[in-house]
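Enquirer: My structure is in structure19.txt, and what it holds is compact mmCIF, C-alpha atoms:
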# COMPACT_ATOMS: atom_id res chain seq x y z
CA MET A 1456 -20.71 0.10 -10.51
CA SER A 1457 -17.63 -0.85 -12.49
CA LEU A 1458 -15.03 1.58 -13.79
CA GLN A 1459 -12.39 0.17 -16.12
CA PHE A 1460 -9.15 1.73 -17.33
CA ARG A 1461 -7.02 0.67 -20.30
CA ARG A 1462 -3.66 2.02 -21.45
CA ASN A 1463 -3.69 2.34 -25.25
CA ALA A 1464 -0.81 1.68 -27.66
CA ASP A 1465 -0.65 5.40 -28.55
CA GLY A 1466 0.05 6.34 -24.90
CA THR A 1467 -3.48 7.51 -24.10
CA VAL A 1468 -5.73 6.03 -21.44
CA THR A 1469 -9.35 5.03 -21.96
CA GLY A 1470 -11.77 4.79 -19.07
CA ARG A 1471 -15.27 3.36 -19.18
CA ASN A 1472 -18.18 3.32 -16.76
CA GLU A 1473 -19.64 -0.13 -17.46
CA ASN A 1474 -23.00 0.80 -15.92
CA ASN A 1475 -23.91 3.59 -18.34
CA GLY A 1476 -21.36 3.24 -21.15
CA PHE A 1477 -19.70 6.61 -20.51
CA THR A 1478 -16.25 6.42 -22.09
CA VAL A 1479 -13.40 8.94 -22.13
CA THR A 1480 -9.92 8.83 -23.70
CA HIS A 1481 -7.19 11.28 -22.78
CA ALA A 1482 -3.39 11.49 -22.65
CA ASP A 1483 -3.54 12.28 -18.90
CA GLU A 1484 -4.58 9.26 -16.84
CA GLU A 1485 -5.67 11.44 -13.91
CA GLU A 1486 -8.00 13.42 -16.18
CA VAL A 1487 -9.62 10.16 -17.27
CA LYS A 1488 -10.08 9.15 -13.62
CA ARG A 1489 -11.47 12.57 -12.71
CA GLN A 1490 -14.06 12.48 -15.50
CA LEU A 1491 -15.12 8.90 -14.72
CA TYR A 1492 -15.46 9.63 -11.01
CA GLU A 1493 -17.50 12.73 -11.83
CA ASP A 1494 -19.74 10.70 -14.14
CA ALA A 1495 -20.22 8.07 -11.42
CA GLY A 1496 -21.06 10.74 -8.82
CA TRP A 1497 -18.00 9.90 -6.72
CA GLU A 1498 -15.63 12.39 -5.15
CA TYR A 1499 -12.30 12.52 -6.98
CA THR A 1500 -9.16 13.15 -4.96
CA PRO A 1501 -6.09 13.92 -7.06
CA PRO A 1502 -2.92 12.01 -6.25
CA PRO A 1503 -0.45 13.60 -3.84
CA PRO A 1504 2.57 15.38 -5.29
CA PRO A 1505 5.52 13.17 -6.16
CA VAL A 1506 8.10 12.44 -3.49
CA PRO A 1507 11.69 13.63 -3.93
CA PRO A 1508 14.18 11.28 -5.59
CA GLY A 1509 15.31 8.54 -3.23
CA HIS A 1510 12.10 8.74 -1.14
CA HIS A 1511 9.04 6.50 -1.22
CA ARG A 1512 5.41 6.90 -0.12
CA PHE A 1513 3.61 3.99 1.54
CA LEU A 1514 1.01 3.16 4.17
CA LEU A 1515 2.11 0.76 6.91
CA VAL A 1516 -0.64 -1.02 8.79
CA HIS A 1517 -0.84 -3.04 11.98
CA GLU A 1518 -3.66 -5.57 11.86
CA GLU A 1519 -4.58 -8.44 14.11
CA ASP A 1520 -6.33 -11.57 12.88
CA GLU A 1521 -8.37 -11.50 16.05
CA GLY A 1522 -8.81 -8.79 18.62
CA ASP A 1523 -8.82 -5.04 18.66
CA CYS A 1524 -6.20 -3.09 16.78
CA GLY A 1525 -8.09 0.20 16.68
CA PHE A 1526 -6.24 3.45 16.31
CA GLY A 1527 -6.75 4.37 19.98
CA ASP A 1528 -5.41 1.07 21.32
CA GLU A 1529 -2.98 1.74 24.18
CA ARG A 1530 -0.13 -0.30 22.63
CA TYR A 1531 0.16 2.39 19.94
CA ALA A 1532 0.39 5.32 22.39
CA GLY A 1533 4.17 5.69 22.05
CA LEU A 1534 4.02 5.31 18.29
CA ARG A 1535 1.23 7.90 18.01
CA ALA A 1536 3.27 10.30 20.16
CA SER A 1537 6.61 9.66 18.47
CA PRO A 1538 6.27 8.15 14.99
CA PRO A 1539 9.33 7.62 12.79
CA GLU A 1540 10.43 10.72 10.91
CA GLY A 1541 8.39 11.05 7.73
CA CYS A 1542 5.44 9.04 9.08
CA VAL A 1543 2.06 10.27 10.34
CA PRO A 1544 -0.32 8.09 12.40
CA VAL A 1545 -3.75 7.67 10.77
CA ASP A 1546 -6.94 5.82 11.63
CA ARG A 1547 -7.81 3.37 8.85
CA GLY A 1548 -10.08 1.19 10.93
CA CYS A 1549 -6.88 -0.07 12.50
CA PHE A 1550 -3.60 1.61 13.37
CA ALA A 1551 -1.68 2.84 10.32
CA LEU A 1552 1.17 5.15 9.40
CA GLU A 1553 1.28 7.22 6.22
CA CYS A 1554 4.98 7.33 5.44
CA ARG A 1555 7.27 9.23 3.12
CA ARG A 1556 10.69 7.79 3.80
CA PRO A 1557 14.11 7.55 2.16
CA GLY A 1558 15.43 4.32 0.71
CA ARG A 1559 17.33 2.98 -2.26
CA THR A 1560 14.14 1.13 -3.22
CA LEU A 1561 10.62 1.02 -1.82
CA LEU A 1562 11.41 -2.33 -0.18
CA ASP A 1563 14.45 -0.76 1.56
CA ALA A 1564 12.31 2.13 2.82
CA VAL A 1565 9.59 -0.22 4.11
CA ALA A 1566 12.08 -2.63 5.72
CA GLY A 1567 13.97 0.19 7.46
CA THR A 1568 10.75 1.70 8.78
CA VAL A 1569 9.35 -1.63 9.99
CA ALA A 1570 12.64 -2.41 11.80
CA GLU A 1571 12.79 1.07 13.40
CA ILE A 1572 9.21 0.75 14.70
CA ARG A 1573 9.82 -2.76 16.04
CA ARG A 1574 13.00 -1.68 17.88
CA ALA A 1575 11.63 1.58 19.28
CA HIS A 1576 8.02 0.58 20.04
CA GLY A 1577 7.76 -3.21 20.00
CA VAL A 1578 5.07 -3.13 17.31
CA VAL A 1579 5.50 -5.15 14.12
CA MET A 1580 3.74 -3.42 11.23
CA ASN A 1581 2.45 -6.33 9.19
CA ALA A 1582 0.90 -4.93 6.02
CA VAL A 1583 1.45 -2.32 3.37
CA ARG A 1584 -1.55 -0.80 1.65
CA THR A 1585 -2.27 1.49 -1.23
CA ASP A 1586 -5.55 3.40 -1.27
CA GLY A 1587 -7.79 2.41 -4.12
CA ARG A 1588 -6.21 -0.97 -4.83
CA SER A 1589 -8.92 -3.56 -4.85
CA GLY A 1590 -6.70 -6.61 -4.92
CA GLU A 1591 -3.67 -7.86 -3.08
CA TRP A 1592 -1.48 -8.05 -6.19
CA PRO A 1593 -1.14 -5.25 -8.76
CA ASP A 1594 -0.70 -5.78 -12.47
CA ALA A 1595 2.98 -5.80 -13.45
CA ASP A 1596 2.44 -2.95 -15.91
CA THR A 1597 1.13 -0.51 -13.26
CA GLY A 1598 4.61 0.71 -12.34
CA SER A 1599 7.51 -0.49 -10.24
CA ALA A 1600 6.36 1.27 -7.05
CA ASP A 1601 3.01 -0.56 -7.16
CA VAL A 1602 4.69 -3.89 -7.79
CA ALA A 1603 7.25 -3.30 -5.02
CA GLU A 1604 4.45 -2.34 -2.65
CA GLY A 1605 2.67 -5.58 -3.50
CA VAL A 1606 5.82 -7.57 -2.74
CA ALA A 1607 6.33 -5.72 0.57
CA HIS A 1608 2.71 -6.36 1.52
CA LEU A 1609 2.92 -10.07 0.75
CA VAL A 1610 6.21 -10.51 2.63
CA LEU A 1611 4.97 -8.64 5.73
CA THR A 1612 1.69 -10.54 5.69
CA ALA A 1613 3.50 -13.87 5.25
CA ALA A 1614 5.83 -13.10 8.17
CA HIS A 1615 2.89 -12.13 10.39
CA ARG A 1616 0.79 -15.17 9.51
CA SER A 1617 3.77 -17.55 9.73
CA ARG A 1618 4.60 -16.36 13.24
CA ARG A 1619 0.97 -16.91 14.31
CA LEU A 1620 1.17 -20.47 12.95
CA GLY A 1621 4.39 -21.24 14.81
CA TYR A 1622 6.89 -20.82 12.00
CA GLY A 1623 10.03 -18.80 12.58
CA ARG A 1624 12.57 -16.82 10.61
CA LYS A 1625 14.60 -19.92 9.72
CA ASP A 1626 11.53 -21.57 8.22
CA LEU A 1627 10.81 -18.54 6.02
CA VAL A 1628 14.43 -18.12 4.97
CA ARG A 1629 14.64 -21.83 4.11
CA LEU A 1630 11.55 -21.46 1.94
CA LEU A 1631 12.96 -18.38 0.18
CA ASP A 1632 16.32 -20.10 -0.32
CA ALA A 1633 14.54 -23.12 -1.83
CA THR A 1634 13.09 -20.91 -4.56
CA GLY A 1635 16.57 -20.01 -5.77
CA ILE A 1636 15.89 -16.28 -5.46
CA GLU A 1637 19.09 -14.28 -5.63
As structure tokens, how would this structure be written, given the file I've shared?

Expert:
Amino acid sequence: MSLQFRRNADGTVTGRNENNGFTVTHADEEEVKRQLYEDAGWEYTPPPPPVPPGHHRFLLVHEEDEGDCGFGDERYAGLRASPPEGCVPVDRGCFALECRRPGRTLLDAVAGTVAEIRRAHGVVMNAVRTDGRSGEWPDADTGSADVAEGVAHLVLTAAHRSRRLGYGRKDLVRLLDATGIE
């Protein structure tokens, strides 16, 4: 089944169920999603309420390329018992934290949380996820939080994979510096 969403020039959103042709247009994007999910026979869960200004919502994940990283793994015992303020441990097939944390930007909030967890518990959270995102990289027009979350995910994943391949911080910084990023 394929559900597609399109933002229209007049500010409305059109959703279409490609399997049966059901189409709906509405000014409220969530109403379009609700109706399409209902048509498809799927359960619709409305988005959580917005976070206060200066706070960001994200899901930090610890994954291993090989081996067990299940929620009940003993190395997460301290983190389950004492997560960072604003984070709640959750089982997502691996250990994860649903976080609502302060930060100037989403990247600041993620970086501060990852560093706090590493210092306090010795666990390096190596991915950021958003429920419902099918791909690793969001469209640029989906909003700055989605784009920032994609950047955070790619950087954490790159750091994790680089370390497993024998590359260190200096190698990654050299690569970033070579791009000319300011």

Enquirer: For Val1468 (chain A), please output as number ranges by chain all residues within 9 Å (counting only C-alpha atoms; exclusion window: fewer than 5 positions along the same chain).

Expert: A: 1460-1463, 1479-1484, 1487

Enquirer: Restricting the calculation to only C-alpha atoms: of A:Gly1527, A:Asp1563, A:Ala1570, A:Glu1473, which residue gets closest to Asp1546 (chain A)?

Expert: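 Among the listed residues, the smallest separation from Asp1546 (chain A) belongs to A:Gly1527.
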
Enquirer: So, with all atoms listed in the file as the atoms that count, which of A:His1517, A:His1615, A:Arg1530, A:Lys1488 lies closest to Pro1502 (chain A)?

Expert: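 Closest to Pro1502 (chain A), using all atoms listed in the file: A:Lys1488.
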
Enquirer: Which distance in Å separates CA of Val1543 (chain A) and CA of Arg1556 (chain A), to one decimal?

Expert: 11.1 Å

Enquirer: Closest to Arg1555 (chain A) among A:Gly1509, A:Gly1525, A:Gly1577, A:Pro1501, using all atoms listed in the file?

Expert: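 Nearest candidate to Arg1555 (chain A) out of A:Gly1509, A:Gly1525, A:Gly1577, A:Pro1501: A:Gly1509.
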
Enquirer: Residues of region 1539-1586 of chain A that have any atom at most 6 Å from an atom of region 1602-1611 of chain A: could you tabulate them with the shortest-distance atom pair and the distance in Å to one decimal, using all atoms listed in the file, ordered by chain and increasing number, as a tab-separated table?

Expert:
residue	atom	partner	partner_atom	distance
A:Asn1581	CA	A:Leu1611	CA	4.9
A:Ala1582	CA	A:His1608	CA	5.1
A:Val1583	CA	A:His1608	CA	4.6

Enquirer: Would you mind telling me which residue in A:Cys1542, A:Leu1630, A:Cys1549, A:Ala1495 lies nearest to Val1569 (chain A) when using all atoms listed in the file?

Expert: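 Among the listed residues, the smallest separation from Val1569 (chain A) belongs to A:Cys1542.
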
Enquirer: What does the structure give for the distance between CA of Ala1614 (chain A) and CA of Val1578 (chain A), in Å to one decimal?

Expert: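 Distance reported for this atom pair: 13.5 Å.
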
Enquirer: What is the distance between CA of Phe1550 (chain A) and CA of Arg1584 (chain A), in Å to one decimal?

Expert: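 Between these atoms lies a distance of 12.1 Å.
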
Enquirer: Which residues come within 9 Å of Gly1558 (chain A), counting all atoms listed in the file, excluding same-chain residues fewer than 2 positions away, as a list in words?

Expert: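 Near neighbours after the sequence-gap exclusion: Gly1509, His1510, His1511, Arg1556, Thr1560, Leu1561, Leu1562, Asp1563, Ala1564, Val1565 and Gly1567 of chain A.
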
Enquirer: Smallest atom-to-atom distance to Glu1571 (chain A): which of A:Pro1539, A:Glu1519, A:Lys1625, A:Leu1631, using only C-alpha atoms?

Expert: A:Pro1539

Enquirer: Would you kindly return, as a PDB file with C-alpha atoms, in the frame of the given file, each protein, DNA or RNA residue with an atom no farther than 10 Å from any atom of Pro1503 (chain A), considering all atoms listed in the file and excluding same-chain residues fewer than 3 positions away?

Expert:
ATOM      1  CA  THR A1500      -9.160  13.150  -4.960  1.00  0.00           C
ATOM      2  CA  VAL A1506       8.100  12.440  -3.490  1.00  0.00           C
ATOM      3  CA  ARG A1512       5.410   6.900  -0.120  1.00  0.00           C
TER       4      ARG A1512
END

Enquirer: Would you mind telling me which residue in A:Glu1540, A:Asp1632, A:Gly1623, A:Leu1515 lies nearest to Val1579 (chain A) when using all atoms listed in the file?

Expert: A:Leu1515

Enquirer: The centre and edge lengths of an axis-aligned box containing all atoms of region 1602-1616 of chain A present in the file, extended by 5 Å on each side, are to be given in Å to one decimal, as JSON.

Expert:
{"center_x": 4.0, "center_y": -8.8, "center_z": 1.3, "size_x": 16.5, "size_y": 22.8, "size_z": 28.2}
